[in-house]
$ cat protein.txt   # compact mmCIF, C-alpha atoms and all ligand atoms
# COMPACT_ATOMS: atom_id res chain seq x y z
CA MET A 337 -89.18 -2.27 -59.62
CA LEU A 338 -87.44 -4.82 -57.37
CA LYS A 339 -84.14 -3.37 -58.51
CA GLY A 340 -85.34 0.14 -57.58
CA SER A 341 -86.41 -0.91 -54.07
CA LEU A 342 -83.04 -2.56 -53.51
CA GLU A 343 -81.26 0.63 -54.54
CA MET A 344 -83.34 2.60 -51.97
CA LEU A 345 -82.47 0.10 -49.27
CA ARG A 346 -78.75 0.00 -50.21
CA PRO A 347 -77.52 2.16 -47.27
CA ILE A 348 -79.23 -0.01 -44.66
CA ILE A 349 -78.57 -3.49 -46.13
CA PRO A 350 -75.28 -5.00 -44.90
CA ARG A 351 -72.66 -5.43 -47.68
CA HIS A 352 -72.86 -9.23 -47.80
CA PHE A 353 -76.63 -9.19 -48.35
CA ARG A 354 -76.31 -6.41 -50.93
CA SER A 355 -74.09 -8.55 -53.15
CA LEU A 356 -76.39 -11.53 -52.56
CA SER A 357 -79.41 -9.48 -53.64
CA LYS A 358 -77.54 -8.34 -56.76
CA VAL A 359 -77.06 -11.97 -57.77
CA ALA A 360 -80.70 -12.75 -57.05
CA VAL A 361 -81.93 -9.82 -59.15
CA LYS A 362 -79.53 -10.55 -62.00
CA HIS A 363 -80.61 -14.20 -61.97
CA LYS A 364 -84.31 -13.33 -61.73
CA GLU A 365 -83.99 -11.21 -64.85
CA ARG A 366 -82.57 -14.25 -66.64
CA LEU A 367 -84.63 -17.06 -65.14
CA ASP A 368 -86.88 -17.61 -68.16
CA ASP A 369 -84.14 -16.39 -70.34
CA LYS A 370 -81.56 -17.96 -72.59
CA MET A 371 -77.82 -18.16 -72.11
CA GLN A 372 -74.77 -18.26 -74.33
CA ALA A 373 -72.74 -21.47 -74.56
CA TRP A 374 -69.96 -22.78 -76.76
CA GLN A 375 -71.35 -26.00 -78.21
CA ILE A 376 -70.70 -28.61 -80.86
CA HIS A 377 -73.54 -30.08 -82.95
CA SER A 378 -71.49 -32.93 -84.44
CA TYR A 379 -67.96 -34.32 -84.18
CA GLY A 380 -65.34 -33.07 -86.58
CA GLY A 381 -62.86 -30.89 -84.73
CA LEU A 382 -62.48 -27.28 -83.79
CA GLU A 383 -64.59 -25.86 -86.61
CA GLU A 384 -67.64 -27.51 -84.99
CA LEU A 385 -67.35 -25.22 -81.97
CA LYS A 386 -70.07 -22.53 -82.20
CA LEU A 387 -71.27 -19.83 -79.79
CA CYS A 388 -74.98 -20.63 -79.41
CA THR A 389 -77.92 -19.07 -77.64
CA THR A 390 -79.51 -21.92 -75.77
CA ARG A 391 -81.91 -22.69 -72.91
CA MET A 392 -80.64 -22.11 -69.39
CA PRO A 393 -80.03 -25.44 -67.65
CA VAL A 394 -82.63 -26.27 -64.98
CA ILE A 395 -82.33 -28.00 -61.65
CA THR A 396 -83.79 -31.52 -61.91
CA ARG A 397 -82.31 -33.23 -58.85
CA PRO A 398 -82.46 -32.19 -55.17
CA SER A 399 -78.64 -32.19 -55.02
CA ASP A 400 -78.22 -29.94 -58.09
CA VAL A 401 -76.73 -26.47 -57.89
CA LEU A 402 -77.15 -23.88 -60.65
CA ILE A 403 -73.98 -21.87 -61.03
CA LYS A 404 -73.27 -18.67 -62.91
CA VAL A 405 -69.88 -19.45 -64.40
CA ASP A 406 -67.27 -16.71 -63.93
CA ALA A 407 -64.26 -18.60 -65.33
CA SER A 408 -63.48 -22.04 -66.71
CA SER A 409 -60.31 -23.75 -67.94
CA VAL A 410 -59.69 -25.46 -71.28
CA ASN A 411 -58.08 -28.91 -71.28
CA PRO A 412 -56.74 -31.29 -73.94
CA PHE A 413 -59.80 -33.47 -73.17
CA ASP A 414 -62.18 -30.69 -74.41
CA LEU A 415 -60.32 -30.59 -77.70
CA SER A 416 -60.45 -34.41 -78.00
CA LEU A 417 -64.21 -34.32 -77.40
CA THR A 418 -64.72 -32.08 -80.46
CA ARG A 419 -63.29 -34.99 -82.48
CA GLY A 420 -65.60 -37.55 -80.88
CA TYR A 421 -63.04 -39.12 -78.52
CA GLY A 422 -64.74 -41.44 -76.03
CA SER A 423 -68.20 -40.83 -77.50
CA LYS A 424 -69.37 -44.47 -77.20
CA VAL A 425 -68.55 -44.73 -73.50
CA LEU A 426 -69.77 -41.21 -72.73
CA ASN A 427 -73.11 -41.83 -74.47
CA PHE A 428 -73.51 -45.06 -72.52
CA MET A 429 -72.82 -43.16 -69.29
CA ARG A 430 -75.34 -40.42 -70.26
CA LYS A 431 -78.05 -43.00 -70.96
CA ALA A 432 -77.32 -44.95 -67.77
CA LYS A 433 -77.43 -41.79 -65.67
CA ASN A 434 -80.59 -40.33 -67.15
CA LEU A 435 -82.45 -43.59 -67.86
CA GLY A 436 -83.85 -42.30 -71.14
CA ALA A 437 -84.69 -38.79 -69.93
CA GLU A 438 -84.44 -35.93 -72.42
CA SER A 439 -81.02 -34.82 -71.18
CA ASP A 440 -79.25 -37.99 -72.34
CA ILE A 441 -79.27 -36.54 -75.89
CA GLU A 442 -75.72 -36.20 -77.16
CA PHE A 443 -75.98 -32.94 -79.17
CA PRO A 444 -75.72 -30.04 -78.84
CA LEU A 445 -72.83 -30.74 -76.49
CA THR A 446 -71.35 -28.11 -74.19
CA LEU A 447 -67.70 -28.73 -73.28
CA GLY A 448 -65.66 -27.55 -70.28
CA ARG A 449 -65.14 -29.45 -67.05
CA ASP A 450 -64.08 -27.07 -64.29
CA PHE A 451 -65.28 -23.69 -63.13
CA ALA A 452 -65.24 -20.90 -60.63
CA GLY A 453 -68.60 -19.18 -60.27
CA THR A 454 -71.50 -18.07 -58.10
CA VAL A 455 -74.43 -20.11 -56.76
CA VAL A 456 -77.68 -18.69 -58.16
CA SER A 457 -80.10 -21.48 -57.34
CA LYS A 458 -80.03 -24.86 -55.59
CA GLY A 459 -82.11 -27.98 -55.11
CA HIS A 460 -83.90 -28.56 -51.80
CA GLY A 461 -81.42 -31.29 -50.84
CA VAL A 462 -78.37 -29.04 -50.93
CA GLY A 463 -78.77 -27.62 -47.43
CA GLY A 464 -76.82 -24.76 -45.90
CA ARG A 465 -73.31 -25.75 -46.97
CA LEU A 466 -73.61 -23.77 -50.21
CA LYS A 467 -75.45 -20.47 -49.94
CA LEU A 468 -77.10 -18.42 -52.67
CA GLY A 469 -74.60 -15.84 -53.87
CA GLU A 470 -71.66 -17.91 -52.58
CA GLU A 471 -68.52 -17.92 -54.70
CA VAL A 472 -67.64 -21.52 -55.48
CA TRP A 473 -65.38 -23.76 -57.54
CA GLY A 474 -65.90 -27.27 -58.82
CA VAL A 475 -66.16 -29.77 -61.64
CA VAL A 476 -68.76 -31.43 -63.83
CA PRO A 477 -68.34 -35.15 -64.67
CA VAL A 478 -67.37 -35.99 -68.26
CA GLU A 479 -70.81 -37.33 -69.27
CA GLN A 480 -72.63 -34.12 -68.25
CA GLN A 481 -73.17 -30.85 -70.12
CA GLY A 482 -70.10 -28.71 -69.46
CA CYS A 483 -69.29 -25.23 -68.24
CA HIS A 484 -68.02 -23.39 -71.31
CA ALA A 485 -71.31 -21.55 -70.89
CA GLU A 486 -72.77 -18.74 -68.82
CA TYR A 487 -74.52 -21.20 -66.47
CA VAL A 488 -73.95 -24.83 -65.50
CA ILE A 489 -75.65 -27.42 -63.30
CA ALA A 490 -73.34 -29.34 -60.96
CA ASN A 491 -73.92 -31.83 -58.18
CA GLU A 492 -73.38 -30.19 -54.79
CA SER A 493 -70.80 -32.84 -53.82
CA LEU A 494 -68.53 -31.55 -56.60
CA VAL A 495 -68.87 -27.90 -55.62
CA ASN A 496 -67.05 -26.20 -52.73
CA PRO A 497 -66.83 -22.61 -51.53
CA ARG A 498 -63.90 -21.11 -53.44
CA PRO A 499 -60.66 -20.79 -51.42
CA ARG A 500 -60.41 -17.11 -50.48
CA ASN A 501 -56.66 -16.90 -51.05
CA ILE A 502 -56.87 -17.32 -54.83
CA SER A 503 -58.65 -15.42 -57.58
CA CYS A 504 -61.57 -16.70 -59.59
CA ILE A 505 -59.28 -17.21 -62.64
CA GLU A 506 -56.75 -19.17 -60.58
CA ALA A 507 -59.51 -21.26 -59.01
CA ALA A 508 -60.95 -22.21 -62.41
CA SER A 509 -57.57 -23.50 -63.54
CA ILE A 510 -57.20 -26.14 -60.83
CA PRO A 511 -60.09 -28.64 -60.35
CA TYR A 512 -59.98 -30.75 -63.55
CA ALA A 513 -56.19 -31.07 -63.85
CA GLY A 514 -55.91 -31.25 -60.05
CA LEU A 515 -58.41 -34.10 -59.75
CA THR A 516 -56.60 -35.93 -62.55
CA ALA A 517 -53.24 -35.62 -60.76
CA TRP A 518 -54.83 -36.48 -57.41
CA SER A 519 -56.70 -39.53 -58.67
CA ALA A 520 -53.72 -40.85 -60.67
CA LEU A 521 -51.40 -40.61 -57.65
CA TRP A 522 -53.75 -41.12 -54.70
CA LEU A 523 -56.03 -43.81 -56.19
CA SER A 524 -54.22 -45.46 -59.15
CA GLY A 525 -50.80 -44.95 -57.53
CA GLY A 526 -52.07 -46.35 -54.22
CA LEU A 527 -50.87 -43.43 -52.07
CA CYS A 528 -54.25 -43.62 -50.31
CA TYR A 529 -53.00 -46.83 -48.66
CA LYS A 530 -49.90 -45.01 -47.38
CA THR A 531 -51.70 -42.53 -45.19
CA ALA A 532 -48.94 -42.34 -42.55
CA VAL A 533 -46.55 -39.52 -43.46
CA ALA A 534 -43.57 -41.78 -42.65
CA THR A 535 -44.55 -44.31 -45.33
CA ARG A 536 -44.66 -41.58 -47.99
CA ARG A 537 -41.68 -39.45 -46.95
CA ASN A 538 -38.89 -39.41 -49.50
CA LYS A 539 -40.52 -41.87 -51.83
CA ARG A 540 -39.19 -41.08 -55.28
CA VAL A 541 -41.65 -40.05 -57.97
CA LEU A 542 -40.80 -39.16 -61.56
CA VAL A 543 -43.28 -36.79 -63.24
CA LEU A 544 -42.80 -36.90 -67.02
CA GLY A 545 -44.10 -33.69 -68.63
CA GLY A 546 -44.04 -31.60 -65.44
CA SER A 547 -44.63 -28.31 -67.29
CA GLY A 548 -48.24 -28.93 -68.38
CA GLY A 549 -51.56 -28.45 -66.57
CA VAL A 550 -51.55 -31.81 -64.76
CA GLY A 551 -47.77 -31.97 -64.22
CA THR A 552 -47.46 -28.62 -62.42
CA LEU A 553 -50.18 -29.63 -59.95
CA ALA A 554 -48.87 -33.21 -59.52
CA ILE A 555 -45.42 -31.90 -58.53
CA GLN A 556 -46.87 -29.61 -55.85
CA MET A 557 -49.15 -32.32 -54.44
CA LEU A 558 -46.26 -34.76 -54.20
CA LYS A 559 -44.19 -32.17 -52.35
CA ALA A 560 -47.10 -31.53 -49.98
CA TRP A 561 -47.08 -35.30 -49.31
CA ASN A 562 -43.34 -35.08 -48.49
CA MET A 563 -42.13 -37.02 -51.48
CA HIS A 564 -38.96 -36.60 -53.54
CA VAL A 565 -39.90 -35.32 -57.01
CA ILE A 566 -37.89 -35.69 -60.20
CA THR A 567 -39.45 -34.18 -63.31
CA THR A 568 -38.81 -33.61 -67.02
CA CYS A 569 -39.60 -30.61 -69.22
CA SER A 570 -38.11 -28.43 -71.97
CA SER A 571 -35.35 -25.97 -70.98
CA ASP A 572 -37.64 -22.91 -70.87
CA ALA A 573 -39.79 -24.49 -68.14
CA VAL A 574 -36.96 -25.56 -65.80
CA ASN A 575 -37.15 -22.42 -63.61
CA VAL A 576 -40.91 -22.63 -63.11
CA LEU A 577 -40.73 -26.27 -62.05
CA GLU A 578 -37.89 -25.57 -59.60
CA LYS A 579 -39.93 -22.68 -58.20
CA ILE A 580 -42.96 -24.89 -57.53
CA GLY A 581 -40.78 -27.34 -55.60
CA ALA A 582 -39.44 -30.09 -57.87
CA ASP A 583 -36.23 -31.51 -56.34
CA VAL A 584 -34.60 -32.47 -59.63
CA VAL A 585 -35.59 -31.01 -63.03
CA ILE A 586 -34.20 -32.63 -66.15
CA ASP A 587 -34.43 -31.05 -69.60
CA TYR A 588 -35.65 -34.02 -71.65
CA LYS A 589 -34.12 -32.61 -74.83
CA GLU A 590 -30.55 -32.58 -73.54
CA ASP A 591 -28.19 -35.37 -74.71
CA ARG A 592 -27.74 -37.25 -71.45
CA ALA A 593 -31.33 -36.88 -70.23
CA ASP A 594 -32.17 -40.60 -70.37
CA GLU A 595 -28.93 -41.53 -68.64
CA LYS A 596 -29.68 -39.05 -65.84
CA LEU A 597 -33.23 -40.37 -65.52
CA VAL A 598 -31.98 -43.94 -65.16
CA CYS A 599 -29.48 -42.82 -62.48
CA GLU A 600 -32.15 -40.96 -60.48
CA GLY A 601 -34.18 -44.19 -60.12
CA PRO A 602 -35.51 -46.50 -58.92
CA TYR A 603 -38.82 -44.68 -58.80
CA ASP A 604 -41.70 -45.75 -56.59
CA ILE A 605 -44.00 -44.13 -59.15
CA ILE A 606 -43.58 -42.72 -62.65
CA LEU A 607 -46.50 -40.42 -63.55
CA ASP A 608 -46.56 -39.96 -67.31
CA CYS A 609 -48.14 -36.60 -68.24
CA ALA A 610 -46.23 -36.54 -71.55
CA ASN A 611 -47.98 -39.44 -73.27
CA GLN A 612 -44.80 -41.51 -73.56
CA GLY A 613 -46.47 -44.89 -73.08
CA PRO A 614 -45.33 -48.06 -71.28
CA ASP A 615 -43.33 -49.40 -74.24
CA VAL A 616 -41.12 -46.28 -74.41
CA ILE A 617 -40.55 -46.36 -70.64
CA LYS A 618 -39.57 -50.03 -70.84
CA ALA A 619 -37.23 -49.36 -73.78
CA LYS A 620 -35.56 -46.47 -71.97
CA GLY A 621 -35.11 -48.64 -68.89
CA TYR A 622 -36.18 -46.13 -66.22
CA PRO A 623 -36.18 -48.35 -63.11
CA HIS A 624 -39.57 -48.21 -61.36
CA TYR A 625 -42.23 -50.11 -59.40
CA THR A 626 -45.39 -48.43 -60.72
CA TYR A 627 -45.86 -46.59 -64.01
CA ILE A 628 -49.08 -44.58 -64.43
CA THR A 629 -50.20 -43.35 -67.83
CA LEU A 630 -52.88 -40.66 -68.24
CA ASN A 631 -53.37 -41.79 -71.84
CA SER A 632 -54.78 -45.27 -71.35
CA PRO A 633 -56.21 -47.02 -74.43
CA LEU A 634 -59.53 -47.60 -72.61
CA LEU A 635 -61.80 -45.14 -74.48
CA LYS A 636 -59.89 -45.38 -77.76
CA ASN A 637 -60.24 -49.18 -77.91
CA ILE A 638 -64.02 -48.94 -77.42
CA ASP A 639 -64.29 -46.04 -79.94
CA GLU A 640 -62.48 -48.15 -82.53
CA ARG A 641 -63.83 -51.64 -81.83
CA GLY A 642 -67.18 -51.21 -80.11
CA PHE A 643 -68.07 -52.28 -76.57
CA ILE A 644 -67.45 -56.02 -76.60
CA SER A 645 -64.31 -56.24 -78.72
CA GLY A 646 -62.97 -52.98 -77.19
CA THR A 647 -63.46 -54.28 -73.65
CA VAL A 648 -61.72 -57.56 -74.53
CA LYS A 649 -58.82 -55.53 -75.99
CA ASN A 650 -58.70 -53.38 -72.84
CA VAL A 651 -58.46 -56.43 -70.59
CA GLY A 652 -55.81 -57.87 -72.91
CA ASP A 653 -53.78 -54.63 -72.88
CA PHE A 654 -53.97 -54.37 -69.11
CA VAL A 655 -52.91 -57.99 -68.55
CA LYS A 656 -50.15 -57.77 -71.21
CA TYR A 657 -48.40 -54.99 -69.33
CA ASN A 658 -49.01 -56.38 -65.85
CA PHE A 659 -48.39 -60.08 -66.38
CA PRO A 660 -45.41 -60.94 -64.17
CA SER A 661 -42.42 -61.94 -66.30
CA LYS A 662 -38.68 -61.29 -66.59
CA GLU A 663 -39.41 -58.26 -68.82
CA ASN A 664 -42.34 -56.88 -66.83
CA LYS A 665 -40.72 -55.69 -63.63
CA GLY A 666 -43.12 -52.91 -62.66
CA PHE A 667 -46.86 -52.43 -62.69
CA VAL A 668 -48.59 -50.40 -65.41
CA LYS A 669 -51.64 -48.49 -64.17
CA TRP A 670 -54.14 -46.19 -65.84
CA GLY A 671 -54.86 -42.77 -64.37
CA PHE A 672 -58.03 -40.78 -65.01
CA PHE A 673 -59.78 -37.59 -64.00
CA ALA A 674 -62.04 -38.52 -61.08
CA PRO A 675 -64.96 -36.26 -60.14
CA SER A 676 -64.50 -36.90 -56.43
CA LYS A 677 -65.59 -34.97 -53.35
CA THR A 678 -62.65 -36.39 -51.38
CA GLY A 679 -60.32 -35.18 -54.12
CA LEU A 680 -61.88 -31.71 -54.30
CA ASP A 681 -61.63 -31.40 -50.51
CA ALA A 682 -57.96 -32.40 -50.73
CA LEU A 683 -57.30 -29.73 -53.39
CA GLN A 684 -59.13 -27.21 -51.21
CA LYS A 685 -56.85 -27.94 -48.26
CA PHE A 686 -53.69 -27.78 -50.37
CA VAL A 687 -54.71 -24.40 -51.83
CA GLU A 688 -55.81 -22.93 -48.50
CA ASN A 689 -52.52 -24.05 -46.89
CA GLY A 690 -50.57 -22.37 -49.69
CA GLN A 691 -49.17 -25.75 -50.83
CA LEU A 692 -50.78 -25.59 -54.28
CA VAL A 693 -50.59 -22.55 -56.54
CA SER A 694 -51.97 -22.42 -60.04
CA VAL A 695 -49.80 -21.77 -63.06
CA VAL A 696 -52.02 -19.86 -65.50
CA LYS A 697 -50.40 -19.41 -68.88
CA LYS A 698 -53.06 -17.20 -70.51
CA VAL A 699 -56.62 -15.89 -70.00
CA TYR A 700 -59.03 -15.59 -72.94
CA PRO A 701 -62.34 -13.66 -73.05
CA PHE A 702 -65.42 -15.91 -73.35
CA GLN A 703 -66.14 -14.65 -76.90
CA GLU A 704 -62.65 -15.80 -77.98
CA LEU A 705 -62.79 -19.29 -76.46
CA PRO A 706 -61.87 -21.10 -79.72
CA ARG A 707 -58.46 -19.39 -79.58
CA ALA A 708 -57.79 -21.26 -76.34
CA TYR A 709 -58.73 -24.55 -78.03
CA GLU A 710 -56.39 -23.69 -80.93
CA ARG A 711 -53.61 -23.00 -78.43
CA ILE A 712 -54.21 -26.39 -76.75
CA ALA A 713 -53.96 -28.03 -80.18
CA GLN A 714 -50.50 -26.49 -80.69
CA GLY A 715 -49.17 -28.25 -77.54
CA HIS A 716 -46.07 -27.18 -75.54
CA LEU A 717 -48.19 -25.67 -72.79
CA ARG A 718 -46.86 -24.25 -69.55
CA GLY A 719 -49.63 -24.50 -66.97
CA LYS A 720 -53.26 -23.74 -67.81
CA LEU A 721 -55.43 -21.72 -70.20
CA VAL A 722 -58.48 -20.09 -68.62
CA VAL A 723 -61.59 -18.50 -70.14
CA ASP A 724 -62.96 -15.42 -68.37
CA MET A 725 -66.76 -15.19 -68.69
CA ASN A 726 -67.00 -11.67 -67.35
N1 LIG B 801 -57.15 -39.76 -68.63
C1 LIG B 801 -57.61 -38.61 -68.18
O1 LIG B 801 -58.66 -38.55 -67.51
C2 LIG B 801 -56.79 -37.37 -68.43
C3 LIG B 801 -57.13 -36.17 -67.79
C4 LIG B 801 -56.33 -35.06 -68.01
C5 LIG B 801 -55.25 -35.15 -68.88
N2 LIG B 801 -55.01 -36.31 -69.52
C6 LIG B 801 -53.85 -36.43 -70.45
O2 LIG B 801 -52.68 -36.19 -69.69
C7 LIG B 801 -51.72 -35.51 -70.47
C8 LIG B 801 -51.26 -34.27 -69.72
O3 LIG B 801 -52.34 -33.36 -69.63
P1 LIG B 801 -52.06 -31.81 -69.49
O4 LIG B 801 -53.36 -31.13 -69.35
O5 LIG B 801 -51.03 -31.60 -68.46
O6 LIG B 801 -51.41 -31.50 -70.95
P2 LIG B 801 -50.49 -30.28 -71.36
O7 LIG B 801 -50.87 -29.10 -70.54
O8 LIG B 801 -50.53 -30.21 -72.83
O9 LIG B 801 -49.02 -30.72 -70.87
C9 LIG B 801 -48.21 -31.65 -71.49
C10 LIG B 801 -46.77 -31.20 -71.18
O10 LIG B 801 -45.85 -32.24 -71.51
C11 LIG B 801 -44.69 -31.64 -72.11
N3 LIG B 801 -44.03 -32.67 -72.90
C12 LIG B 801 -44.34 -33.13 -74.13
N4 LIG B 801 -43.53 -34.13 -74.50
C13 LIG B 801 -42.68 -34.32 -73.46
C14 LIG B 801 -41.61 -35.24 -73.22
N5 LIG B 801 -41.24 -36.14 -74.12
N6 LIG B 801 -40.99 -35.18 -72.01
C15 LIG B 801 -41.35 -34.28 -71.09
N7 LIG B 801 -42.33 -33.38 -71.26
C16 LIG B 801 -43.00 -33.40 -72.43
C17 LIG B 801 -45.25 -30.48 -72.90
O11 LIG B 801 -44.31 -29.43 -73.13
P3 LIG B 801 -43.25 -29.46 -74.33
O12 LIG B 801 -43.90 -30.19 -75.48
O13 LIG B 801 -42.94 -28.04 -74.69
O14 LIG B 801 -42.07 -30.15 -73.77
C18 LIG B 801 -46.35 -29.96 -71.97
O15 LIG B 801 -45.88 -29.00 -71.08
C19 LIG B 801 -52.36 -35.20 -71.82
O16 LIG B 801 -51.93 -36.18 -72.74
C20 LIG B 801 -53.85 -35.37 -71.53
O17 LIG B 801 -54.56 -35.77 -72.67
C21 LIG B 801 -55.73 -37.43 -69.32

$ encode --input "protein.txt" --output "structure tokens"
Amino acid sequence: MLKGSLEMLRPIIPRHFRSLSKVAVKHKERLDDKMQAWQIHSYGGLEELKLCTTRMPVITRPSDVLIKVDASSVNPFDLSLTRGYGSKVLNFMRKAKNLGAESDIEFPLTLGRDFAGTVVSKGHGVGGRLKLGEEVWGVVPVEQQGCHAEYVIANESLVNPRPRNISCIEAASIPYAGLTAWSALWLSGGLCYKTAVATRRNKRVLVLGGSGGVGTLAIQMLKAWNMHVITTCSSDAVNVLEKIGADVVIDYKEDRADEKLVCEGPYDIILDCANQGPDVIKAKGYPHYTYITLNSPLLKNIDERGFISGTVKNVGDFVKYNFPSKENKGFVKWGFFAPSKTGLDALQKFVENGQLVSVVKKVYPFQELPRAYERIAQGHLRGKLVVDMN
């Protein structure tokens, strides 16, 4: 009925409102409905991933936004979650956030951290910044239900109108890996303290594993901050990394790669996107001031030893690598994905200024999402894998 009236009014409703009404009608039809989501019901690996019909998520906080997901990326972290990685800390975070409410239940668990989509409903605290029907992009924190589903709830601070100069698929590929690169460099790497362009210009940064999801974005951000970027990758990725702005690209499989990497130093920062680890970097003797790993032992130690013993081990590991001695010449820092409004705004600016482009390796239909997880498990990625919900 409502649909019919809208059709009659079509010629006199301006285009913007027509598309808005379409979203409203489509959503209304589904409001009491169910949605499809890729979920796990226990830990055990990829075979746990099942396409389920489940309840639509509902807005419970004034700052919540309900989003119809149009596309979402798949990250190594999603695959690790199917195996139970970080489950102790994540469950603690869920309980702390929900204070015993129903939604702190661990299973079924929907994976997926970043999305491009459309706002279909919002809490009363969201205000006019995000409009119904608006095309948006954003992230969901690691302890929340994810977006490998038709709909997701996100906090408005982690949702922005989608940059108009990129497609929905491109937009979905950026936020999670982008906020990891941003937080590792800007927060862990301390670039936030060097806000004057002059203090950042020509600082030397080595990005190990520049060809992956995080590496490709880290290189472009560093160039946007006027820094000198040296990166490593396999030979087939050299051209792509030169194209996105790396100053020096070294094929890590060639014979003299380590020698070249030593000569290119000293590095103000080494960002390790290739899971080399501080011991390997020390053994190879790459001269540097700060080394940042994205594969800290933080969650693994607590998974293996429990909270108390794991935390003690974490403190011990951190101090071991940072205790000043003849051998320890640089700092070792841990980099993480940070669900941050400041970070999302920074990514937004980079993209809108044309300083950050996404490198999408492959797009999978929603029904075939496990194939993307399988591809992640094989490694050797060039850029990102994205799932198209439409
Ligand atoms: N802590 C966090 O919050 C967080 C968040 C995001 C990601 N991460 C971690 O950060 C790492 C990077 O993530 P990602 O999404 O970029 O992964 P990815 O897309 O799989 O990229 C890794 C890249 O490193 C390359 N590589 C592997 N070994 C290398 C080596 N020895 N030297 C140079 N390059 C090498 C790989 O290509 P080839 O093997 O073909 O060379 C691949 O292109 C992953 O280990 C991930 O788990 C952590």

$ atom_distance --input "protein.txt" --atom1 "atom C13 of ligand LIG 801 (chain B)" --atom2 "atom CA of Gly545 of chain A"
5.1 Å

$ closest_atom_pairs --input "protein.txt" --of "chain A" --to "ligand LIG 801 (chain B)" --cutoff "9 Å" --atoms "all atoms listed in the file" --output "CSV"
residue,atom,partner,partner_atom,distance
A:Val410,CA,B:LIG801,O4,8.7
A:Asn411,CA,B:LIG801,O4,5.6
A:Pro412,CA,B:LIG801,O17,5.1
A:Phe413,CA,B:LIG801,O17,5.7
A:Ser416,CA,B:LIG801,O17,8.1
A:Tyr512,CA,B:LIG801,C4,7.2
A:Ala513,CA,B:LIG801,C4,5.8
A:Gly514,CA,B:LIG801,C4,8.8
A:Leu515,CA,B:LIG801,C3,8.4
A:Thr516,CA,B:LIG801,C3,5.3
A:Ala517,CA,B:LIG801,C4,7.9
A:Ala520,CA,B:LIG801,N1,8.7
A:Val543,CA,B:LIG801,C15,8.5
A:Leu544,CA,B:LIG801,C15,5.1
A:Gly545,CA,B:LIG801,N7,3.2
A:Gly546,CA,B:LIG801,N7,6.3
A:Ser547,CA,B:LIG801,O15,4.1
A:Gly548,CA,B:LIG801,O9,3.2
A:Gly549,CA,B:LIG801,O5,3.7
A:Val550,CA,B:LIG801,O5,3.7
A:Gly551,CA,B:LIG801,O5,5.4
A:Thr552,CA,B:LIG801,O5,7.6
A:Leu553,CA,B:LIG801,O5,8.8
A:Thr567,CA,B:LIG801,C15,8.0
A:Thr568,CA,B:LIG801,C15,4.8
A:Cys569,CA,B:LIG801,N7,4.4
A:Ser570,CA,B:LIG801,O14,4.7
A:Ser571,CA,B:LIG801,O14,8.4
A:Asp572,CA,B:LIG801,O13,8.3
A:Ala573,CA,B:LIG801,O13,8.1
A:Ile586,CA,B:LIG801,C15,8.8
A:Asp587,CA,B:LIG801,C15,7.8
A:Tyr588,CA,B:LIG801,N6,5.5
A:Lys589,CA,B:LIG801,N6,7.9
A:Asp608,CA,B:LIG801,C7,7.5
A:Cys609,CA,B:LIG801,C8,4.2
A:Ala610,CA,B:LIG801,O10,4.3
A:Asn611,CA,B:LIG801,O16,5.1
A:Gln612,CA,B:LIG801,N5,6.5
A:Thr629,CA,B:LIG801,O2,7.8
A:Leu630,CA,B:LIG801,N1,4.4
A:Asn631,CA,B:LIG801,N1,5.4
A:Ser632,CA,B:LIG801,N1,6.6
A:Trp670,CA,B:LIG801,N1,7.6
A:Gly671,CA,B:LIG801,N1,5.7
A:Phe672,CA,B:LIG801,O1,3.4
A:Phe673,CA,B:LIG801,O1,3.8
A:Ala674,CA,B:LIG801,O1,7.3
A:Ile712,CA,B:LIG801,O8,6.6
A:Ala713,CA,B:LIG801,O8,8.4
A:Gln714,CA,B:LIG801,O8,8.7
A:Gly715,CA,B:LIG801,O8,5.3
A:His716,CA,B:LIG801,O13,3.4
A:Leu717,CA,B:LIG801,O15,4.4
A:Arg718,CA,B:LIG801,O15,5.1
A:Gly719,CA,B:LIG801,O7,6.0
A:Lys720,CA,B:LIG801,O7,6.5
A:Leu721,CA,B:LIG801,O7,8.7

$ closest_residue --input "protein.txt" --among "A:Lys669, A:Lys697, A:Lys685, A:Arg641" --to "Asn496 of chain A" --atoms "only C-alpha atoms"
A:Lys685

$ residues_around --input "protein.txt" --residues "Ala708 of chain A" --least-positions-apart "2" --cutoff "8 Å" --atoms "only C-alpha atoms" --output "list in words"
Val410, Tyr700, Glu704, Leu705, Pro706, Glu710, Arg711, Ile712, Leu721, Val722 and Val723 of chain A

$ atom_distance --input "protein.txt" --atom1 "atom CA of Lys458 of chain A" --atom2 "atom CA of Glu688 of chain A"
25.3 Å

$ closest_residue --input "protein.txt" --among "A:Tyr657, A:Tyr487, A:Phe451, A:Phe443" --to "Thr418 of chain A" --atoms "only C-alpha atoms"
A:Phe443

$ atom_distance --input "protein.txt" --atom1 "atom CA of Phe428 of chain A" --atom2 "atom CA of Val478 of chain A"
11.8 Å

$ residues_around --input "protein.txt" --residues "Ile555 of chain A" --least-positions-apart "4" --cutoff "10 Å" --atoms "all atoms listed in the file" --output "list in words"
Ala517, Val541, Leu542, Val543, Gly546, Ser547, Val550, Gly551, Lys559, Ala560, Trp561, Met563, His564, Val565, Ile566, Thr567, Leu577, Glu578, Ile580, Gly581, Ala582, Asp583, Leu607 and Leu692 of chain A

$ closest_residue --input "protein.txt" --among "A:Ser519, A:Asp604, A:Asn726, A:Gly525" --to "Arg537 of chain A" --atoms "only C-alpha atoms"
A:Asp604
